[in-house]
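Below is protein-v2.txt, holding compact mmCIF, C-alpha atoms.
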# COMPACT_ATOMS: atom_id res chain seq x y z
CA MET A 1 -10.91 -26.86 11.23
CA ASN A 2 -9.30 -23.63 10.05
CA THR A 3 -8.04 -21.69 13.08
CA ALA A 4 -6.05 -19.12 11.12
CA LEU A 5 -7.02 -15.54 11.76
CA PRO A 6 -7.94 -13.40 8.76
CA ASP A 7 -5.20 -11.22 7.34
CA PRO A 8 -5.74 -7.87 9.12
CA SER A 9 -4.63 -5.93 6.07
CA SER A 10 -7.20 -7.60 3.83
CA THR A 11 -10.05 -6.85 6.26
CA PHE A 12 -8.82 -3.28 6.70
CA LEU A 13 -8.72 -2.76 2.94
CA ALA A 14 -12.01 -4.53 2.21
CA ASN A 15 -13.90 -1.25 1.59
CA LEU A 16 -11.15 0.40 -0.44
CA PRO A 17 -12.66 -0.34 -3.87
CA SER A 18 -15.84 1.51 -2.92
CA LEU A 19 -13.79 4.57 -1.89
CA LEU A 20 -11.72 4.82 -5.08
CA PRO A 21 -14.15 6.90 -7.20
CA LYS A 22 -14.42 9.58 -4.48
CA LEU A 23 -10.67 9.52 -3.85
CA GLU A 24 -9.94 9.92 -7.55
CA ALA A 25 -12.35 12.87 -7.73
CA LEU A 26 -10.70 14.42 -4.65
CA TYR A 27 -7.24 13.94 -6.16
CA LYS A 28 -8.27 15.60 -9.43
CA ASP A 29 -9.98 18.47 -7.57
CA VAL A 30 -6.96 19.17 -5.37
CA HIS A 31 -4.65 18.82 -8.39
CA ALA A 32 -6.70 21.35 -10.38
CA HIS A 33 -6.87 23.79 -7.45
CA PRO A 34 -3.34 23.93 -6.01
CA GLU A 35 -2.38 26.40 -3.29
CA LEU A 36 1.01 27.73 -2.30
CA SER A 37 2.48 27.03 1.12
CA MET A 38 0.60 28.83 3.91
CA GLN A 39 -2.25 29.53 1.46
CA GLU A 40 -3.85 26.06 1.48
CA ASN A 41 -7.19 27.27 2.82
CA ARG A 42 -9.42 25.49 0.29
CA THR A 43 -7.51 22.22 0.61
CA ALA A 44 -7.55 22.47 4.40
CA ASP A 45 -11.32 23.03 4.30
CA LEU A 46 -11.76 19.90 2.14
CA ALA A 47 -9.64 17.84 4.54
CA ALA A 48 -11.40 19.17 7.63
CA LYS A 49 -14.85 18.46 6.16
CA HIS A 50 -13.83 14.94 5.19
CA LEU A 51 -12.48 14.22 8.66
CA ARG A 52 -15.58 15.62 10.39
CA ASP A 53 -17.85 13.64 8.06
CA ASN A 54 -15.96 10.50 9.12
CA GLY A 55 -16.30 11.04 12.85
CA TYR A 56 -12.99 12.73 13.65
CA GLU A 57 -12.53 15.53 16.14
CA VAL A 58 -11.01 18.28 14.00
CA THR A 59 -8.72 21.19 14.82
CA THR A 60 -7.99 23.68 12.05
CA GLY A 61 -5.52 26.54 11.74
CA VAL A 62 -2.61 24.51 13.10
CA GLY A 63 0.53 26.36 12.02
CA LYS A 64 -1.82 28.59 9.99
CA THR A 65 -3.36 26.16 7.46
CA GLY A 66 -2.80 22.76 9.06
CA VAL A 67 -5.57 20.34 10.00
CA VAL A 68 -5.47 17.73 12.76
CA GLY A 69 -8.02 14.95 13.02
CA LEU A 70 -8.40 12.71 16.07
CA LEU A 71 -10.39 9.48 15.87
CA ARG A 72 -10.92 8.01 19.30
CA ASN A 73 -10.88 4.22 19.43
CA GLY A 74 -10.38 3.29 23.07
CA GLU A 75 -7.20 2.51 24.93
CA GLY A 76 -4.13 1.21 23.15
CA PRO A 77 -1.54 2.25 20.60
CA MET A 78 -1.95 5.46 18.63
CA VAL A 79 -1.39 5.87 14.91
CA MET A 80 -0.29 9.23 13.57
CA LEU A 81 -0.27 10.07 9.86
CA ARG A 82 0.80 13.21 8.07
CA ALA A 83 0.44 14.61 4.57
CA ASP A 84 1.59 17.80 2.87
CA MET A 85 -0.94 19.95 1.00
CA ASP A 86 1.05 22.78 -0.59
CA ALA A 87 1.90 23.15 -4.26
CA LEU A 88 4.82 24.75 -6.09
CA PRO A 89 5.14 28.04 -7.95
CA VAL A 90 5.52 26.36 -11.36
CA ARG A 91 3.42 26.17 -14.53
CA GLU A 92 1.86 22.77 -15.17
CA ALA A 93 2.59 21.21 -18.55
CA SER A 94 1.10 17.74 -18.01
CA GLY A 95 -1.70 18.11 -20.54
CA VAL A 96 -4.22 16.25 -18.36
CA ASP A 97 -7.78 17.56 -18.47
CA TYR A 98 -7.60 18.48 -14.78
CA ALA A 99 -4.30 20.37 -15.10
CA SER A 100 -3.86 23.48 -13.00
CA THR A 101 -4.31 26.89 -14.56
CA VAL A 102 -4.12 28.61 -11.17
CA MET A 103 -2.20 31.82 -10.63
CA ALA A 104 -1.44 33.03 -7.11
CA THR A 105 0.53 35.69 -5.30
CA ASP A 106 3.66 34.39 -3.63
CA ALA A 107 5.12 35.66 -0.34
CA ALA A 108 7.14 38.31 -2.23
CA GLY A 109 4.01 39.68 -3.92
CA ASN A 110 4.71 38.17 -7.35
CA ALA A 111 2.00 36.60 -9.49
CA VAL A 112 3.08 33.00 -10.14
CA PRO A 113 1.56 29.91 -11.74
CA VAL A 114 0.86 27.15 -9.22
CA ALA A 115 0.87 23.39 -9.74
CA HIS A 116 1.05 20.15 -7.81
CA ALA A 117 4.30 19.04 -9.40
CA CYS A 118 5.40 17.55 -6.09
CA GLY A 119 2.80 14.86 -5.35
CA HIS A 120 1.12 16.61 -2.44
CA ASP A 121 -2.22 16.24 -4.23
CA ILE A 122 -1.92 12.47 -3.93
CA HIS A 123 -0.77 12.91 -0.29
CA VAL A 124 -4.14 14.51 0.47
CA ALA A 125 -6.06 11.82 -1.41
CA TRP A 126 -4.33 8.83 0.19
CA LEU A 127 -4.63 10.34 3.66
CA MET A 128 -8.37 10.88 3.17
CA GLY A 129 -8.63 7.26 2.00
CA VAL A 130 -6.79 5.91 5.04
CA THR A 131 -8.80 8.09 7.42
CA SER A 132 -12.00 6.74 5.84
CA LEU A 133 -10.82 3.16 6.32
CA PHE A 134 -9.84 3.81 9.95
CA SER A 135 -13.24 5.36 10.59
CA GLN A 136 -15.04 2.37 9.07
CA ARG A 137 -13.03 -0.11 11.15
CA ARG A 138 -13.01 1.60 14.53
CA LYS A 139 -14.55 -0.15 17.46
CA VAL A 140 -17.76 1.28 18.80
CA HIS A 141 -17.42 2.14 22.48
CA GLY A 142 -20.10 2.93 24.99
CA PRO A 143 -20.21 6.15 27.00
Before we go any further, please render this structure as structure tokens.
Amino acid sequence: MNTALPDPSSTFLANLPSLLPKLEALYKDVHAHPELSMQENRTADLAAKHLRDNGYEVTTGVGKTGVVGLLRNGEGPMVMLRADMDALPVREASGVDYASTVMATDAAGNAVPVAHACGHDIHVAWLMGVTSLFSQRRKVHGP
């Protein structure tokens, strides 16, 4: 008789393959539409919508453009995750078909090219993936 418990990480990640197409599309969208620090309104809206759609209580406007999602799952330990959303005032030269061509106005009033040369686009995508997985695995509690 096998009394070993299943590997919690494998059960947690069981639905990941089905999420990958949407996460890739989200990554490419955020990459193509970067926003400077304190201007991440579009990205914050995407994150807030995703969290709400997955059952999170959402607070927006935290520190101006921040988003906080709370997924209640009964008593016990709490997990907190964080991701950056802002991009840099640099011109993208990657050559990918979803490369940024965005221009924005920086805090000094200068028109600057904007790109996710820092990886914050993937921060948003992985966080949305993890929040989806948490939502799918949460326990259902009565009133």
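Candidate residues A:Met80, A:Met85, A:Val96, A:Leu13 were compared for distance to A:Asn41, and the nearest is A:Met85, using only C-alpha atoms.
Among the candidate residues A:Val130, A:Val30, A:Val62, A:Ala111, the one lying nearest to A:Val79 is A:Val130, with distances computed using only C-alpha atoms.
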Q: Find, counting all atoms listed in the file, the residue in A:Gly63, A:Gly119, A:Gly129, A:Pro113 that gets nearest to A:Ser100.
A: A:Pro113
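Coordinates place atom CA of A:Ala87 at a distance of 25.5 Å from atom CA of A:Tyr56.
Comparing the minimum interatomic distances between A:His33 and each of A:Ser135, A:Val114, A:Glu75, A:Thr59, counting only C-alpha atoms, we find that A:Val114 sits nearest.
The residue that comes closest to A:Met103, out of A:Leu26, A:Leu127, A:Met38, A:Ala32 and on the basis of all atoms listed in the file, is A:Ala32.
For the atom pair formed by atom CA of A:Ala44 and atom CA of A:His116, the distance is 15.1 Å, given to one decimal.
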Q: Have a look at A:Ala125, A:Val102, A:Leu81, A:Ala115 and name the one nearest to A:Lys22; count all atoms listed in the file.
A: A:Ala125
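Reported to one decimal place, the separation of atom CA of A:Arg72 from atom CA of A:His120 is 26.3 Å.
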**Q.** Protein/DNA/RNA residues near (-8.1, 10.5, -10.0), cut 12 Å, all atoms listed in the file, as a VMD selection string
**A.** chain A and resid 19 to 32 96 to 99 121 to 122 124 to 126
File of the preceding selection, C-alpha atoms, as a PDB file, in the frame of the given file:
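Result file follows (again16.pdb):
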ATOM      1  CA  LEU A  19     -13.790   4.570  -1.890  1.00  0.00           C
ATOM      2  CA  LEU A  20     -11.720   4.820  -5.080  1.00  0.00           C
ATOM      3  CA  PRO A  21     -14.150   6.900  -7.200  1.00  0.00           C
ATOM      4  CA  LYS A  22     -14.420   9.580  -4.480  1.00  0.00           C
ATOM      5  CA  LEU A  23     -10.670   9.520  -3.850  1.00  0.00           C
ATOM      6  CA  GLU A  24      -9.940   9.920  -7.550  1.00  0.00           C
ATOM      7  CA  ALA A  25     -12.350  12.870  -7.730  1.00  0.00           C
ATOM      8  CA  LEU A  26     -10.700  14.420  -4.650  1.00  0.00           C
ATOM      9  CA  TYR A  27      -7.240  13.940  -6.160  1.00  0.00           C
ATOM     10  CA  LYS A  28      -8.270  15.600  -9.430  1.00  0.00           C
ATOM     11  CA  ASP A  29      -9.980  18.470  -7.570  1.00  0.00           C
ATOM     12  CA  VAL A  30      -6.960  19.170  -5.370  1.00  0.00           C
ATOM     13  CA  HIS A  31      -4.650  18.820  -8.390  1.00  0.00           C
ATOM     14  CA  ALA A  32      -6.700  21.350 -10.380  1.00  0.00           C
ATOM     15  CA  VAL A  96      -4.220  16.250 -18.360  1.00  0.00           C
ATOM     16  CA  ASP A  97      -7.780  17.560 -18.470  1.00  0.00           C
ATOM     17  CA  TYR A  98      -7.600  18.480 -14.780  1.00  0.00           C
ATOM     18  CA  ALA A  99      -4.300  20.370 -15.100  1.00  0.00           C
ATOM     19  CA  ASP A 121      -2.220  16.240  -4.230  1.00  0.00           C
ATOM     20  CA  ILE A 122      -1.920  12.470  -3.930  1.00  0.00           C
ATOM     21  CA  VAL A 124      -4.140  14.510   0.470  1.00  0.00           C
ATOM     22  CA  ALA A 125      -6.060  11.820  -1.410  1.00  0.00           C
ATOM     23  CA  TRP A 126      -4.330   8.830   0.190  1.00  0.00           C
TER      24      TRP A 126
END
(Q) Set the distance at 8 Å and use only C-alpha atoms: which residues neighbour A:Leu133 once local chain neighbours fewer than 6 positions away are removed? I'd like the list as a VMD selection string. (A) chain A and resid 12 to 13 15 to 16
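Excluding A:Asp86 itself and any same-chain residue fewer than 3 positions from it, the protein and nucleic acid residues within 6 Å of it, counting only C-alpha atoms, are Glu35, Leu36 and Ser37 of chain A.
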Q) Which protein, DNA or RNA residues are at most 12 Å from (-9.1, 17.5, 17.3) in the file's coordinates when you count all atoms listed in the file, listed as a PyMOL selection string? A) chain A and resi 48+51-52+55-62+66-72
Please write N, CA and C atoms of stretch 124-136 of chain A, from the structure given just now, as a short mmCIF file (atom, residue, chain, number, x, y, z; two decimals), in the first residue's frame.
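New file result00.cif:
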data_model
loop_
_atom_site.label_atom_id
_atom_site.label_comp_id
_atom_site.auth_asym_id
_atom_site.auth_seq_id
_atom_site.Cartn_x
_atom_site.Cartn_y
_atom_site.Cartn_z
N VAL A 124 5.11 40.78 -13.76
CA VAL A 124 3.65 40.85 -13.81
C VAL A 124 3.08 39.51 -14.27
N ALA A 125 3.67 38.92 -15.30
CA ALA A 125 3.14 37.66 -15.83
C ALA A 125 3.26 36.52 -14.81
N TRP A 126 4.41 36.38 -14.18
CA TRP A 126 4.53 35.25 -13.23
C TRP A 126 3.61 35.45 -12.04
N LEU A 127 3.47 36.71 -11.58
CA LEU A 127 2.60 36.94 -10.44
C LEU A 127 1.14 36.62 -10.79
N MET A 128 0.71 36.97 -11.99
CA MET A 128 -0.65 36.62 -12.40
C MET A 128 -0.80 35.11 -12.51
N GLY A 129 0.24 34.41 -12.93
CA GLY A 129 0.19 32.95 -12.98
C GLY A 129 0.06 32.34 -11.60
N VAL A 130 0.88 32.80 -10.66
CA VAL A 130 0.82 32.28 -9.30
C VAL A 130 -0.51 32.60 -8.65
N THR A 131 -1.03 33.81 -8.87
CA THR A 131 -2.31 34.16 -8.26
C THR A 131 -3.44 33.31 -8.84
N SER A 132 -3.33 32.94 -10.11
CA SER A 132 -4.32 32.03 -10.70
C SER A 132 -4.24 30.66 -10.04
N LEU A 133 -3.03 30.15 -9.86
CA LEU A 133 -2.86 28.84 -9.24
C LEU A 133 -3.35 28.83 -7.80
N PHE A 134 -3.06 29.89 -7.04
CA PHE A 134 -3.57 29.97 -5.67
C PHE A 134 -5.10 29.96 -5.67
N SER A 135 -5.69 30.72 -6.56
CA SER A 135 -7.14 30.81 -6.63
C SER A 135 -7.76 29.43 -6.93
N GLN A 136 -7.13 28.71 -7.84
CA GLN A 136 -7.65 27.39 -8.23
C GLN A 136 -7.51 26.37 -7.09
#
